[in-house]
$ cat my_file_12.csv   # CSV, C-alpha atoms
chain,number,residue,atom,x,y,z
A,25,MET,CA,101.1,105.3,125.4
A,26,LYS,CA,97.7,105.9,123.9
A,27,ILE,CA,95.4,102.8,123.3
A,28,SER,CA,93.6,103.0,120.1
A,29,ARG,CA,89.8,102.6,120.7
A,30,SER,CA,88.9,102.3,117.0
A,31,LEU,CA,89.0,99.1,115.0
A,32,PRO,CA,90.2,99.7,111.4
A,33,GLU,CA,87.4,98.7,109.0
A,34,THR,CA,89.7,96.3,107.1
A,35,ASP,CA,90.4,94.5,110.4
A,36,LEU,CA,86.7,94.3,111.2
A,37,ALA,CA,86.1,92.8,107.7
A,38,ARG,CA,88.8,90.2,108.0
A,39,THR,CA,87.7,89.0,111.4
A,40,ALA,CA,83.9,89.4,111.6
A,41,LEU,CA,82.8,86.1,110.0
A,42,LEU,CA,85.4,84.0,111.8
A,43,PRO,CA,84.6,81.9,114.9
A,44,ASP,CA,85.0,83.8,118.2
A,45,ASP,CA,88.2,82.1,119.2
A,46,GLU,CA,89.8,83.0,115.8
A,47,LYS,CA,88.5,86.5,116.1
A,48,ARG,CA,90.1,86.9,119.5
A,49,ILE,CA,93.5,85.7,118.2
A,50,ILE,CA,93.5,88.1,115.2
A,51,LEU,CA,92.2,91.0,117.2
A,52,ARG,CA,94.9,90.6,119.8
A,53,GLY,CA,97.3,91.3,117.0
A,54,VAL,CA,95.7,94.6,116.1
A,55,LYS,CA,97.7,96.7,118.4
A,56,SER,CA,98.5,100.3,119.1
A,57,PHE,CA,101.9,100.7,117.6
A,58,LYS,CA,103.8,102.8,115.1
A,59,PRO,CA,103.3,101.1,111.7
A,60,PRO,CA,105.9,101.6,108.9
A,61,HIS,CA,103.3,103.7,107.0
A,62,SER,CA,99.7,104.6,106.6
A,63,PHE,CA,97.6,104.4,103.4
A,64,GLY,CA,95.5,107.3,104.5
A,65,PRO,CA,96.9,109.6,101.8
A,66,LEU,CA,96.1,107.0,99.1
A,67,ARG,CA,92.5,106.7,100.4
A,68,LYS,CA,92.1,110.5,100.1
A,69,VAL,CA,92.9,110.4,96.4
A,70,VAL,CA,91.0,107.3,95.4
A,71,PRO,CA,88.1,109.3,93.8
A,72,ALA,CA,90.7,111.2,91.7
A,73,LEU,CA,92.2,107.9,90.6
A,74,TYR,CA,88.8,107.0,89.3
A,75,GLN,CA,88.4,110.4,87.7
A,76,ALA,CA,85.2,110.9,89.8
A,77,ARG,CA,83.2,114.1,89.0
A,78,ALA,CA,80.1,115.8,90.3
A,79,SER,CA,78.3,114.8,87.0
A,80,LEU,CA,78.8,112.7,83.9
A,81,PHE,CA,79.6,115.8,81.8
A,82,ASP,CA,82.9,115.6,80.0
A,83,LEU,CA,85.4,117.5,82.1
A,84,PRO,CA,89.1,117.7,82.0
A,85,SER,CA,90.7,114.5,83.4
A,86,ARG,CA,92.9,114.7,86.5
A,87,LYS,CA,96.5,114.4,85.5
A,88,TRP,CA,98.9,112.1,87.3
A,89,ASP,CA,101.2,115.0,88.2
A,90,ASP,CA,98.3,116.6,90.1
A,91,ILE,CA,97.5,113.4,92.0
A,92,GLU,CA,101.1,112.8,92.8
A,93,ALA,CA,101.4,116.3,94.2
A,94,ALA,CA,98.3,115.7,96.4
A,95,VAL,CA,99.8,112.5,97.8
A,96,ARG,CA,103.1,114.2,98.6
A,97,SER,CA,101.2,117.0,100.3
A,98,TYR,CA,99.2,114.5,102.5
A,99,CYS,CA,102.5,112.8,103.4
A,100,ARG,CA,104.4,116.0,104.2
A,101,CYS,CA,104.6,115.2,107.9
A,102,ASN,CA,105.6,111.6,107.2
A,103,PRO,CA,107.9,111.6,104.1
A,104,HIS,CA,108.5,107.8,104.4
A,105,TRP,CA,104.8,107.3,103.5
A,106,ILE,CA,105.3,108.8,100.1
A,107,GLU,CA,106.8,105.8,98.2
A,108,PRO,CA,104.3,103.1,99.3
A,109,ASN,CA,101.3,105.5,98.7
A,110,LEU,CA,102.6,106.6,95.3
A,111,GLU,CA,103.3,103.0,94.3
A,112,VAL,CA,99.7,101.9,94.8
A,113,ALA,CA,98.3,105.1,93.5
A,114,LYS,CA,100.2,105.0,90.2
A,115,THR,CA,99.2,101.3,89.7
A,116,LEU,CA,95.6,102.1,90.2
A,117,PHE,CA,95.7,105.3,88.1
A,118,GLU,CA,97.2,103.4,85.1
A,119,PHE,CA,94.8,100.5,85.6
A,120,ASN,CA,91.7,102.7,85.5
A,121,GLN,CA,93.1,104.7,82.6
A,122,ALA,CA,93.0,101.5,80.6
A,123,ARG,CA,89.5,100.7,81.7
A,124,ALA,CA,88.3,104.1,80.4
A,125,PHE,CA,85.1,104.5,82.4
A,126,LYS,CA,83.4,107.5,84.0
A,127,ALA,CA,82.8,108.0,87.7
A,128,VAL,CA,80.4,110.2,89.7
A,129,GLU,CA,80.9,111.6,93.2
A,130,TRP,CA,78.2,110.4,95.6
A,131,ASP,CA,77.9,111.0,99.3
A,132,PHE,CA,77.3,107.4,100.6
A,133,PRO,CA,76.3,107.1,104.2
A,134,PHE,CA,78.1,105.5,107.1
A,135,ILE,CA,76.4,102.5,108.8
A,136,PRO,CA,75.9,102.8,112.6
A,137,VAL,CA,76.8,99.4,114.1
A,138,GLY,CA,76.4,100.1,117.8
A,139,PHE,CA,79.1,100.6,120.5
A,140,GLY,CA,79.1,104.2,119.4
A,141,THR,CA,80.7,103.2,116.1
A,142,LYS,CA,80.0,103.9,112.4
A,143,ILE,CA,81.6,102.1,109.4
A,144,LYS,CA,81.9,102.9,105.8
A,145,LEU,CA,83.2,100.1,103.5
A,146,TRP,CA,83.1,102.1,100.3
A,147,HIS,CA,84.3,105.4,98.8
A,148,ASP,CA,82.2,108.4,98.0
A,149,PHE,CA,81.8,107.8,94.3
A,150,TYR,CA,80.6,105.1,91.9
A,151,SER,CA,81.9,104.3,88.4
A,152,ILE,CA,79.8,103.4,85.4
A,153,GLN,CA,81.0,100.2,83.8
A,154,GLY,CA,78.9,98.6,81.1
A,155,ASP,CA,75.9,100.8,81.9
A,156,ARG,CA,75.8,99.7,85.5
A,157,PRO,CA,77.0,101.5,88.6
A,158,VAL,CA,79.9,99.9,90.3
A,159,LEU,CA,81.0,100.5,93.9
A,160,ALA,CA,84.6,99.9,94.8
A,161,PHE,CA,86.6,99.0,97.9
A,162,VAL,CA,90.4,99.5,97.6
A,163,ASP,CA,92.5,97.3,99.8
A,164,PRO,CA,96.2,98.4,99.5
A,165,ARG,CA,97.6,96.3,102.3
A,166,LEU,CA,100.3,93.7,101.4
A,167,THR,CA,100.0,92.0,104.8
A,168,ASP,CA,96.8,91.7,106.9
A,169,GLY,CA,94.7,92.5,104.0
A,170,LEU,CA,91.3,91.0,103.1
A,171,SER,CA,91.0,87.2,103.0
A,172,ASN,CA,88.2,85.4,101.2
A,173,MET,CA,86.0,85.8,104.3
A,174,GLY,CA,86.9,89.5,104.6
A,175,ARG,CA,85.9,90.1,101.0
A,176,LEU,CA,82.6,88.2,101.6
A,177,PHE,CA,81.9,90.4,104.6
A,178,ILE,CA,82.4,93.6,102.6
A,179,PHE,CA,80.5,92.4,99.6
A,180,SER,CA,77.6,91.3,101.8
A,181,ALA,CA,77.6,94.6,103.6
A,182,MET,CA,77.5,96.4,100.3
A,183,HIS,CA,74.7,94.2,99.0
A,184,HIS,CA,72.5,94.7,102.0
A,185,GLN,CA,73.1,98.5,102.1
A,186,PHE,CA,72.8,99.3,98.4
A,187,ALA,CA,70.8,96.6,96.6
A,188,VAL,CA,67.7,98.8,96.7
A,189,GLY,CA,66.6,102.1,95.2
A,190,ASP,CA,69.1,103.9,92.9
A,191,PHE,CA,71.7,101.2,93.3
A,192,GLU,CA,69.6,98.1,92.9
A,193,ALA,CA,71.5,97.1,89.8
A,194,ALA,CA,74.9,98.0,91.2
A,195,ARG,CA,77.9,95.7,91.0
A,196,PHE,CA,80.6,95.7,93.6
A,197,GLU,CA,84.4,95.2,93.2
A,198,ILE,CA,87.3,94.9,95.6
A,199,LEU,CA,90.8,95.8,94.4
A,200,ARG,CA,94.0,94.4,95.9
A,201,PHE,CA,97.6,95.1,94.9
A,202,PRO,CA,99.8,92.1,95.3
A,203,ARG,CA,103.4,92.2,94.1
A,204,ASP,CA,104.2,90.4,90.9
A,205,ARG,CA,106.4,87.4,91.8
A,206,TYR,CA,108.7,88.0,88.9
A,207,THR,CA,109.0,91.8,88.7
A,208,GLY,CA,108.3,92.7,92.3
A,209,GLU,CA,106.0,95.5,91.1
A,210,ARG,CA,102.4,96.0,92.4
A,211,ARG,CA,99.6,94.7,90.1
A,212,VAL,CA,95.9,95.0,90.4
A,213,GLU,CA,93.7,92.1,91.3
A,214,VAL,CA,89.9,92.6,91.0
A,215,PHE,CA,87.4,90.6,92.9
A,216,THR,CA,83.7,90.7,92.0
A,217,PHE,CA,80.6,89.3,93.7
A,218,ASN,CA,77.7,86.9,93.1
A,219,GLU,CA,74.8,88.2,95.2
A,220,GLY,CA,73.6,84.6,95.8
A,221,ASP,CA,76.7,84.3,98.0
A,222,ALA,CA,75.8,87.1,100.4
A,223,VAL,CA,75.7,86.4,104.1
A,224,ASP,CA,72.2,87.1,105.4
A,225,LEU,CA,71.6,90.3,107.3
A,226,ILE,CA,71.0,88.7,110.7
A,227,THR,CA,74.2,86.8,110.5
A,228,LEU,CA,76.1,89.8,109.3
A,229,ASN,CA,74.8,92.0,112.2
A,230,ASP,CA,75.5,89.4,114.8
A,231,ALA,CA,79.1,89.0,113.4
A,232,ILE,CA,79.6,92.7,113.8
A,233,ASP,CA,78.2,92.8,117.3
A,234,ARG,CA,80.3,89.8,118.4
A,235,THR,CA,83.5,91.3,116.9
A,236,PHE,CA,83.1,94.7,118.6
A,237,LYS,CA,82.2,92.9,121.9
A,238,ILE,CA,85.5,91.0,121.7
A,239,TRP,CA,87.4,94.1,120.7
A,240,ARG,CA,86.1,96.0,123.7
A,241,GLU,CA,87.1,93.1,126.0
A,242,ILE,CA,90.7,93.2,124.5
A,243,LEU,CA,90.8,97.0,125.0
A,244,ASP,CA,89.7,96.6,128.6
A,245,GLU,CA,92.5,94.0,129.1
A,246,ARG,CA,95.1,96.4,127.6
A,247,THR,CA,93.9,99.2,129.8
A,248,GLU,CA,94.2,97.0,132.9
A,249,GLU,CA,97.6,95.9,131.8
A,250,MET,CA,98.8,99.5,131.4
A,251,ARG,CA,97.4,100.3,134.9
A,252,ARG,CA,99.3,97.5,136.5
A,253,HIS,CA,102.5,98.0,134.4
A,254,PRO,CA,102.6,101.7,133.3
A,255,PRO,CA,105.2,102.4,130.6
A,256,THR,CA,108.4,104.3,131.5
A,257,GLY,CA,110.6,106.5,129.5
A,258,THR,CA,109.8,107.8,126.1
A,259,ASP,CA,107.1,106.0,124.1
A,260,ASP,CA,106.8,106.2,120.3
A,261,GLY,CA,103.4,104.4,120.1
A,262,PHE,CA,100.4,106.0,118.5
A,263,SER,CA,96.9,105.0,117.6
A,264,PHE,CA,96.5,103.4,114.1

$ encode --input "my_file_12.csv" --output "structure tokens"
Amino acid sequence: MKISRSLPETDLARTALLPDDEKRIILRGVKSFKPPHSFGPLRKVVPALYQARASLFDLPSRKWDDIEAAVRSYCRCNPHWIEPNLEVAKTLFEFNQARAFKAVEWDFPFIPVGFGTKIKLWHDFYSIQGDRPVLAFVDPRLTDGLSNMGRLFIFSAMHHQFAVGDFEAARFEILRFPRDRYTGERRVEVFTFNEGDAVDLITLNDAIDRTFKIWREILDERTEEMRRHPPTGTDDGFSF
């Protein structure tokens, strides 16, 4: 069985600002196993769901049929991923169609955080809403998604990274997709940010360092456990 060395960015966000004992409990639950599906295909088409373009010139809009075809293509090796990815993609597509804004492709940087790791808590585009640039984070998970503390972590990281230069006036939004309690269908929930609530940069960097230190300790424990008790037979696990 392969042990995943990487910590998914959503799991970093939802644990970083917690006390160390709570970090450890949650991070022990981030295991190398075969999940029911991945939202990787969805993340690849998020710019298209925002109609992101290389410029603000009026260009033909991306049609839902084209986006659906792209998602299906990305899921071709894992057909059971198609339905959950299309469900969230369709919900976000229709929501953004109603908002009727424009979006621009932009190559935002990764942030080096030590331990040989880089993170990117945003997508490579921004939308224009009310004459202001808006950076988005899409959180499609139904379980183990972002808590209030997780959203505060991402908003604070965005603020410290982009509240200067070209994006000094930028706003930030996080989108989640809970199920409607009556219809069972996904709906969009938008969270925004008051910059006065941002965690200071020293605290943020320390939280990241502590989280990765604990994560590496957990990985070392797993490696030692596998050395002492090697798996037998066929193993279906993979890194996620």

$ residues_near_point --input "my_file_12.csv" --point "(77.1, 96.6, 108.1)" --cutoff "7 Å" --atoms "only C-alpha atoms" --output "ChimeraX atom specification"
/A:135,137,181,228-229

$ residues_around --input "my_file_12.csv" --residues "A:Val214" --least-positions-apart "6" --cutoff "10 Å" --atoms "only C-alpha atoms" --output "PyMOL selection string"
chain A and resi 160-162+197-201

$ atom_distance --input "my_file_12.csv" --atom1 "atom CA of A:Glu33" --atom2 "atom CA of A:Lys144"
7.6 Å

$ residues_around --input "my_file_12.csv" --residues "A:His61" --least-positions-apart "6" --cutoff "9 Å" --atoms "all atoms listed in the file" --output "PyMOL selection string"
chain A and resi 102+104-106+108-109

$ closest_residue --input "my_file_12.csv" --among "A:Arg156, A:Arg96, A:Ala76, A:Asp89" --to "A:Gly64" --atoms "all atoms listed in the file"
A:Arg96

$ atom_distance --input "my_file_12.csv" --atom1 "atom CA of A:Tyr74" --atom2 "atom CA of A:Glu213"
15.8 Å

$ closest_residue --input "my_file_12.csv" --among "A:Trp88, A:Phe217, A:Phe125, A:Tyr150" --to "A:His183" --atoms "all atoms listed in the file"
A:Phe217

$ residues_around --input "my_file_12.csv" --residues "A:Glu209" --least-positions-apart "5" --cutoff "10 Å" --atoms "all atoms listed in the file" --output "PDB file with C-alpha atoms, keeping the file's coordinate frame"
ATOM      1  CA  GLU A 111     103.300 103.000  94.300  1.00  0.00           C
ATOM      2  CA  VAL A 112      99.700 101.900  94.800  1.00  0.00           C
ATOM      3  CA  THR A 115      99.200 101.300  89.700  1.00  0.00           C
ATOM      4  CA  PHE A 201      97.600  95.100  94.900  1.00  0.00           C
ATOM      5  CA  PRO A 202      99.800  92.100  95.300  1.00  0.00           C
ATOM      6  CA  ARG A 203     103.400  92.200  94.100  1.00  0.00           C
ATOM      7  CA  ASP A 204     104.200  90.400  90.900  1.00  0.00           C
TER       8      ASP A 204
END

$ atom_distance --input "my_file_12.csv" --atom1 "atom CA of A:Ser171" --atom2 "atom CA of A:Arg38"
6.2 Å

$ residues_around --input "my_file_12.csv" --residues "A:Leu36" --least-positions-apart "3" --cutoff "9 Å" --atoms "only C-alpha atoms" --output "compact mmCIF listing (two decimals) with C-alpha atoms, keeping the file's coordinate frame"
# COMPACT_ATOMS: atom_id res chain seq x y z
CA LEU A 31 89.00 99.10 115.00
CA PRO A 32 90.20 99.70 111.40
CA GLU A 33 87.40 98.70 109.00
CA THR A 39 87.70 89.00 111.40
CA ALA A 40 83.90 89.40 111.60
CA LEU A 51 92.20 91.00 117.20
CA GLY A 174 86.90 89.50 104.60
CA ILE A 232 79.60 92.70 113.80
CA THR A 235 83.50 91.30 116.90
CA PHE A 236 83.10 94.70 118.60

$ closest_residue --input "my_file_12.csv" --among "A:Lys87, A:Lys142, A:Arg175, A:Glu248" --to "A:Asn218" --atoms "only C-alpha atoms"
A:Arg175

$ residues_around --input "my_file_12.csv" --residues "A:Ala113" --least-positions-apart "5" --cutoff "9 Å" --atoms "all atoms listed in the file" --output "JSON, numbers by chain"
{"A": [66, 69, 70, 73, 91, 92, 95, 108, 118]}

$ closest_residue --input "my_file_12.csv" --among "A:Ile242, A:Ala94, A:Ala187, A:Val158" --to "A:Thr216" --atoms "only C-alpha atoms"
A:Val158
